[in-house]
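Below is start_27.cif, holding mmCIF, C-alpha atoms.
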```cif
data_query
#
loop_
_atom_site.label_atom_id
_atom_site.label_comp_id
_atom_site.auth_asym_id
_atom_site.auth_seq_id
_atom_site.Cartn_x
_atom_site.Cartn_y
_atom_site.Cartn_z
CA ARG A 1 -43.22 -109.82 -133.09
CA GLU A 2 -44.93 -109.51 -136.48
CA SER A 3 -44.03 -105.82 -136.60
CA ASN A 4 -40.36 -106.64 -135.87
CA THR A 5 -40.33 -109.25 -138.63
CA GLN A 6 -41.82 -106.77 -141.09
CA SER A 7 -39.21 -104.16 -140.10
CA ALA A 8 -36.41 -106.69 -140.61
CA PHE A 9 -37.60 -107.51 -144.13
CA GLU A 10 -37.90 -103.81 -144.93
CA LEU A 11 -34.29 -103.27 -143.83
CA TRP A 12 -33.14 -106.10 -146.10
CA ASP A 13 -34.85 -104.30 -148.99
CA ILE A 14 -33.74 -100.75 -148.11
CA PHE A 15 -30.06 -101.71 -147.72
CA ASP A 16 -29.99 -104.50 -150.30
CA ASP A 17 -26.96 -103.13 -152.19
CA GLU A 18 -25.03 -102.65 -148.94
CA TRP A 19 -25.80 -106.18 -147.72
CA GLU A 20 -24.69 -107.60 -151.08
CA ASP A 21 -21.45 -105.58 -150.79
CA LEU A 22 -20.99 -107.07 -147.31
CA ARG A 23 -21.56 -110.58 -148.69
CA ASP A 24 -19.07 -109.96 -151.51
CA PHE A 25 -16.52 -108.60 -149.05
CA ILE A 26 -16.81 -111.60 -146.72
CA GLN A 27 -16.63 -114.01 -149.64
CA PHE A 28 -13.49 -112.27 -150.94
CA THR A 29 -11.87 -112.08 -147.48
CA MET A 30 -12.63 -115.66 -146.42
CA TRP A 31 -11.91 -117.16 -149.88
CA GLU A 32 -15.11 -119.16 -149.52
CA PRO A 33 -18.68 -118.63 -150.74
CA ALA A 34 -20.93 -116.49 -148.54
CA TYR A 35 -24.72 -116.19 -148.46
CA LEU A 36 -27.15 -113.82 -146.74
CA VAL A 37 -29.81 -115.42 -144.53
CA ARG A 38 -32.69 -113.18 -145.62
CA ASN A 39 -35.25 -114.94 -143.42
CA MET A 40 -33.42 -113.64 -140.34
CA TRP A 41 -32.54 -110.19 -139.06
CA PRO A 42 -30.24 -108.15 -141.30
CA PRO A 43 -26.82 -107.05 -140.03
CA ALA A 44 -26.97 -104.20 -137.53
CA ILE A 45 -25.56 -100.72 -137.96
CA ILE A 46 -24.28 -99.72 -134.54
CA VAL A 47 -23.59 -96.09 -133.61
CA HIS A 48 -21.49 -95.20 -130.55
CA LEU A 49 -21.99 -91.55 -129.66
CA PRO A 50 -19.07 -89.61 -128.17
CA ASN A 51 -19.54 -88.47 -124.58
CA LEU A 52 -17.50 -88.18 -121.40
CA PRO A 53 -18.49 -91.59 -119.93
CA ALA A 54 -17.52 -93.25 -123.23
CA THR A 55 -13.89 -92.26 -122.57
CA ARG A 56 -13.74 -94.56 -119.53
CA GLU A 57 -12.85 -98.25 -119.61
CA SER A 58 -15.90 -99.09 -117.51
CA ALA A 59 -18.23 -97.72 -120.19
CA HIS A 60 -17.46 -100.53 -122.63
CA GLU A 61 -18.32 -103.93 -121.28
CA ILE A 62 -16.14 -106.91 -121.94
CA HIS A 63 -18.48 -109.45 -123.47
CA GLN A 64 -18.85 -112.50 -125.64
CA ASP A 65 -21.40 -112.54 -128.41
CA ALA A 66 -24.12 -115.12 -127.99
CA PHE A 67 -24.51 -118.05 -130.32
CA ILE A 68 -27.74 -117.81 -132.26
CA PRO A 69 -30.57 -119.45 -130.31
CA SER A 70 -31.62 -122.98 -131.19
CA TRP A 71 -35.06 -121.80 -132.35
CA THR A 72 -33.38 -119.82 -135.15
CA GLN A 73 -30.92 -122.49 -136.25
CA ASP A 74 -33.50 -124.18 -138.51
CA ILE A 75 -33.79 -120.96 -140.52
CA VAL A 76 -30.02 -120.81 -141.07
CA LEU A 77 -29.91 -124.53 -141.83
CA ASP A 78 -32.67 -124.11 -144.45
CA SER A 79 -30.56 -121.40 -146.08
CA ALA A 80 -27.55 -123.76 -146.09
CA ARG A 81 -29.69 -126.54 -147.60
CA ASN A 82 -30.56 -124.19 -150.45
CA VAL A 83 -26.82 -124.02 -151.17
CA VAL A 84 -25.58 -127.60 -150.72
CA GLY A 85 -28.68 -129.78 -150.46
CA ASP A 86 -30.34 -131.84 -147.74
CA SER A 87 -27.06 -133.07 -146.23
CA ALA A 88 -26.16 -129.55 -145.05
CA TYR A 89 -25.01 -128.98 -141.51
CA CYS A 90 -23.67 -125.89 -139.74
CA GLU A 91 -20.83 -125.62 -137.26
CA TRP A 92 -22.72 -123.62 -134.64
CA ASP A 93 -19.82 -123.49 -132.19
CA HIS A 94 -17.60 -121.83 -134.84
CA GLN A 95 -19.85 -118.79 -135.25
CA MET A 96 -17.91 -115.58 -135.99
CA THR A 97 -18.62 -111.91 -135.40
CA VAL A 98 -17.64 -109.40 -138.07
CA LEU A 99 -17.39 -105.66 -137.40
CA ILE A 100 -16.91 -103.41 -140.41
CA ASN A 101 -16.05 -99.85 -139.51
CA LEU A 102 -17.90 -97.12 -141.38
CA ARG A 103 -16.86 -94.00 -139.48
CA VAL A 104 -14.53 -93.07 -136.60
CA PRO A 105 -13.49 -89.94 -134.70
CA LYS A 106 -10.24 -88.29 -135.81
CA THR A 107 -8.52 -89.84 -132.77
CA GLY A 108 -9.31 -93.30 -134.11
CA ALA A 109 -11.02 -96.41 -132.81
CA ALA A 110 -10.07 -99.94 -131.86
CA VAL A 111 -11.53 -103.27 -130.83
CA ARG A 112 -9.94 -105.00 -127.84
CA PHE A 113 -9.96 -108.77 -127.48
CA TRP A 114 -8.55 -111.10 -124.87
CA ASP A 115 -6.59 -114.29 -125.26
CA LEU A 116 -5.01 -116.85 -122.95
CA PRO A 117 -1.31 -117.39 -123.56
CA ASN A 118 0.08 -120.91 -123.83
CA SER A 119 -3.32 -122.55 -123.38
CA SER A 120 -3.48 -121.37 -119.77
CA GLU A 121 -6.94 -121.30 -118.25
CA SER A 122 -6.15 -118.93 -115.42
CA PRO A 123 -8.20 -115.70 -115.73
CA GLN A 124 -5.27 -113.77 -114.25
CA GLU A 125 -3.21 -114.60 -117.31
CA TRP A 126 -5.57 -113.18 -119.92
CA GLN A 127 -3.78 -110.78 -122.26
CA SER A 128 -5.54 -108.00 -124.15
CA PHE A 129 -4.80 -106.94 -127.71
CA ASP A 130 -6.09 -103.86 -129.51
CA ILE A 131 -6.90 -103.99 -133.22
CA PRO A 132 -7.08 -100.55 -134.86
CA HIS A 133 -10.47 -100.18 -136.48
CA GLN A 134 -10.34 -97.92 -139.53
CA PRO A 135 -13.16 -97.02 -141.92
CA GLY A 136 -13.66 -99.69 -144.55
CA LYS A 137 -11.72 -102.28 -142.53
CA ALA A 138 -13.17 -105.37 -140.88
CA VAL A 139 -12.42 -107.19 -137.67
CA PHE A 140 -13.34 -110.88 -137.47
CA ILE A 141 -13.65 -112.37 -133.96
CA GLU A 142 -14.82 -115.74 -132.69
CA CYS A 143 -18.18 -115.02 -131.05
CA ARG A 144 -17.18 -116.57 -127.75
CA ARG A 145 -13.85 -114.67 -127.51
CA PRO A 146 -14.07 -111.87 -124.92
CA HIS A 147 -13.96 -108.46 -126.60
CA ALA A 148 -14.93 -104.82 -126.16
CA ILE A 149 -14.79 -101.49 -127.93
CA VAL A 150 -11.78 -99.42 -126.88
CA PRO A 151 -12.99 -96.19 -125.20
CA PHE A 152 -13.07 -92.88 -127.05
CA LYS A 153 -9.88 -90.87 -126.59
CA GLU A 154 -11.61 -87.52 -126.31
CA PRO A 155 -15.26 -86.66 -125.63
CA GLU A 156 -15.13 -83.31 -127.44
CA SER A 157 -15.18 -84.93 -130.87
CA LEU A 158 -18.63 -84.74 -132.42
CA VAL A 159 -17.89 -87.64 -134.74
CA GLU A 160 -19.54 -90.89 -133.76
CA ARG A 161 -18.13 -94.35 -134.21
CA MET A 162 -20.27 -96.35 -136.63
CA CYS A 163 -19.93 -99.97 -137.73
CA ILE A 164 -21.80 -102.87 -139.28
CA HIS A 165 -22.16 -105.87 -136.95
CA ALA A 166 -23.03 -109.29 -138.35
CA TYR A 167 -22.67 -112.96 -137.51
CA MET A 168 -21.15 -115.57 -139.81
CA ILE A 169 -21.83 -119.28 -139.45
CA PRO A 170 -19.76 -121.88 -141.32
CA CYS A 171 -21.81 -124.60 -143.03
CA ARG A 172 -21.10 -127.47 -145.42
CA ALA A 173 -22.53 -130.68 -146.80
CA GLN A 174 -21.93 -134.03 -145.08
CA ASN A 175 -18.78 -135.78 -146.36
CA ARG A 176 -17.56 -132.69 -148.22
CA ASP A 177 -14.80 -130.27 -147.36
CA ASP A 178 -16.15 -127.21 -149.18
CA ARG A 179 -17.31 -124.78 -146.53
CA HIS A 180 -19.46 -121.71 -147.03
CA TRP A 181 -20.62 -118.90 -144.72
CA GLN A 182 -24.17 -117.98 -143.77
CA ILE A 183 -24.40 -114.27 -142.84
CA LEU A 184 -27.13 -112.86 -140.61
CA GLY A 185 -27.80 -109.98 -138.33
CA VAL A 186 -27.22 -109.62 -134.64
CA ILE A 187 -30.28 -111.03 -132.91
CA GLY A 188 -32.09 -108.66 -130.60
CA ARG A 189 -30.24 -105.50 -131.64
#
```

Representation of the structure as structure tokens:
Amino acid sequence: RESNTQSAFELWDIFDDEWEDLRDFIQFTMWEPAYLVRNMWPPAIIVHLPNLPATRESAHEIHQDAFIPSWTQDIVLDSARNVVGDSAYCEWDHQMTVLINLRVPKTGAAVRFWDLPNSSESPQEWQSFDIPHQPGKAVFIECRRPHAIVPFKEPESLVERMCIHAYMIPCRAQNRDDRHWQILGVIGR
């Protein structure tokens, strides 16, 4: 575990300019202050390699991202306290996932998410929506919303799909409306 912690801190240092660009981008996009939680894992850079199985729907699992575990919430809360003081609290159940595309094959890439129409709770009524995912563009998804990467269109392309994956947690001070975002990496990746 100590080795993993050391590696995480090294990645914060190596990619410091990139993580600050990410923070600036989220702050600009959300119109609210954003802060990096440097005592946690940094955002992940995920690479999907092109291959024949990756062109099939079954290769890309439909999943929900996990909320950060309770044993890590104190670290995020400490970061929020550094921003707004001791009355800070975080809205854990409003955690967001952000995917920022860095590179895609010439045939493109997309993120698929599912939604229930008209507040229906019947799984048979789930509808899927594809969001084109272009380099330099971000997709923001509620962590608990089912989503998946849309399969590659052709396996012959030698260009991988590469993106930054991070979590965003909204926090604020008690009795105040001004929200800010705590940004951290994907735990366990």

_Using all atoms listed in the file: which of A:His133, A:His94, A:His165, A:Arg38 has the shortest distance to Thr107 (chain A)_ =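 That would be A:His133, the residue with the smallest distance to Thr107 (chain A).
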
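Nearest to Phe25 (chain A) of all the residues A:Cys171, A:Ile100, A:Val150, A:Val84 is A:Ile100, based on all atoms listed in the file.
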
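Look at Phe9 (chain A): the protein and nucleic acid residues within 8 Å of it, using all atoms listed in the file and passing over chain neighbours fewer than 2 places away, are Thr5, Gln6, Ser7, Leu11, Trp12, Asp13, Arg38, Asn39, Trp41 and Pro42 of chain A.
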
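Residues selected in this file by the PyMOL selection byres ((chain A and resi 68) around 10) comprise Asp65, Ala66, Phe67, Pro69, Ser70, Trp71, Thr72, Gln73, Val76, Trp92, Asp93, Gln95, Tyr167, Ile169, Leu184, Gly185, Val186 and Ile187 of chain A.
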
May I have the selected residues written with C-alpha atoms, as a tab-separated table (two decimals), keeping the file's coordinate frame?
```
chain	number	residue	atom	x	y	z
A	65	ASP	CA	-21.40	-112.54	-128.41
A	66	ALA	CA	-24.12	-115.12	-127.99
A	67	PHE	CA	-24.51	-118.05	-130.32
A	69	PRO	CA	-30.57	-119.45	-130.31
A	70	SER	CA	-31.62	-122.98	-131.19
A	71	TRP	CA	-35.06	-121.80	-132.35
A	72	THR	CA	-33.38	-119.82	-135.15
A	73	GLN	CA	-30.92	-122.49	-136.25
A	76	VAL	CA	-30.02	-120.81	-141.07
A	92	TRP	CA	-22.72	-123.62	-134.64
A	93	ASP	CA	-19.82	-123.49	-132.19
A	95	GLN	CA	-19.85	-118.79	-135.25
A	167	TYR	CA	-22.67	-112.96	-137.51
A	169	ILE	CA	-21.83	-119.28	-139.45
A	184	LEU	CA	-27.13	-112.86	-140.61
A	185	GLY	CA	-27.80	-109.98	-138.33
A	186	VAL	CA	-27.22	-109.62	-134.64
A	187	ILE	CA	-30.28	-111.03	-132.91
```

*Grab the CA of Gln134 (chain A) to CA of Met162 (chain A) distance for me, in Å with one decimal place.*
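Distance reported for this atom pair: 10.5 Å.
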
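Of note, CA of Ile131 (chain A) and CA of Val111 (chain A) are spaced 5.3 Å apart.
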
*Using the chain letters and numbers from the file, which residues does the PyMOL selection byres ((chain A and resi 113) around 7) grab, as a ChimeraX atom specification?*
/A:111-112,114-115,128-130,146-148

*asked:* Would you compute the distance between CA of Glu91 (chain A) and CA of Ile75 (chain A)? Give it in Å to one decimal.
replied: 14.2 Å

Can you tell me which residues surround Gln182 (chain A) at a distance of at most 7 Å, considering only C-alpha atoms, apart from same-chain residues fewer than 2 positions away, and format the answer as an mmCIF file with C-alpha atoms, in the coordinates of the input?
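Output file around.cif follows:
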```
data_model
loop_
_atom_site.group_PDB
_atom_site.id
_atom_site.type_symbol
_atom_site.label_atom_id
_atom_site.label_comp_id
_atom_site.auth_asym_id
_atom_site.auth_seq_id
_atom_site.Cartn_x
_atom_site.Cartn_y
_atom_site.Cartn_z
ATOM 1 C CA ALA A 34 -20.930 -116.490 -148.540
ATOM 2 C CA TYR A 35 -24.720 -116.190 -148.460
ATOM 3 C CA LEU A 36 -27.150 -113.820 -146.740
ATOM 4 C CA VAL A 37 -29.810 -115.420 -144.530
ATOM 5 C CA MET A 168 -21.150 -115.570 -139.810
ATOM 6 C CA ILE A 169 -21.830 -119.280 -139.450
ATOM 7 C CA PRO A 170 -19.760 -121.880 -141.320
ATOM 8 C CA HIS A 180 -19.460 -121.710 -147.030
ATOM 9 C CA LEU A 184 -27.130 -112.860 -140.610
#
```

*Of the candidates A:Ile141, A:Ala80, A:Ile149, A:Cys90, which shows the shortest atom-to-atom distance to Gly108 (chain A), using only C-alpha atoms?*
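Smallest distance to Gly108 (chain A) is found for A:Ile149.
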
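Using only C-alpha atoms, the shortest contact distance between Glu32 (chain A) and any of A:Ile183, A:Asp78, A:Cys163, A:Asp178 is found at A:Asp178.
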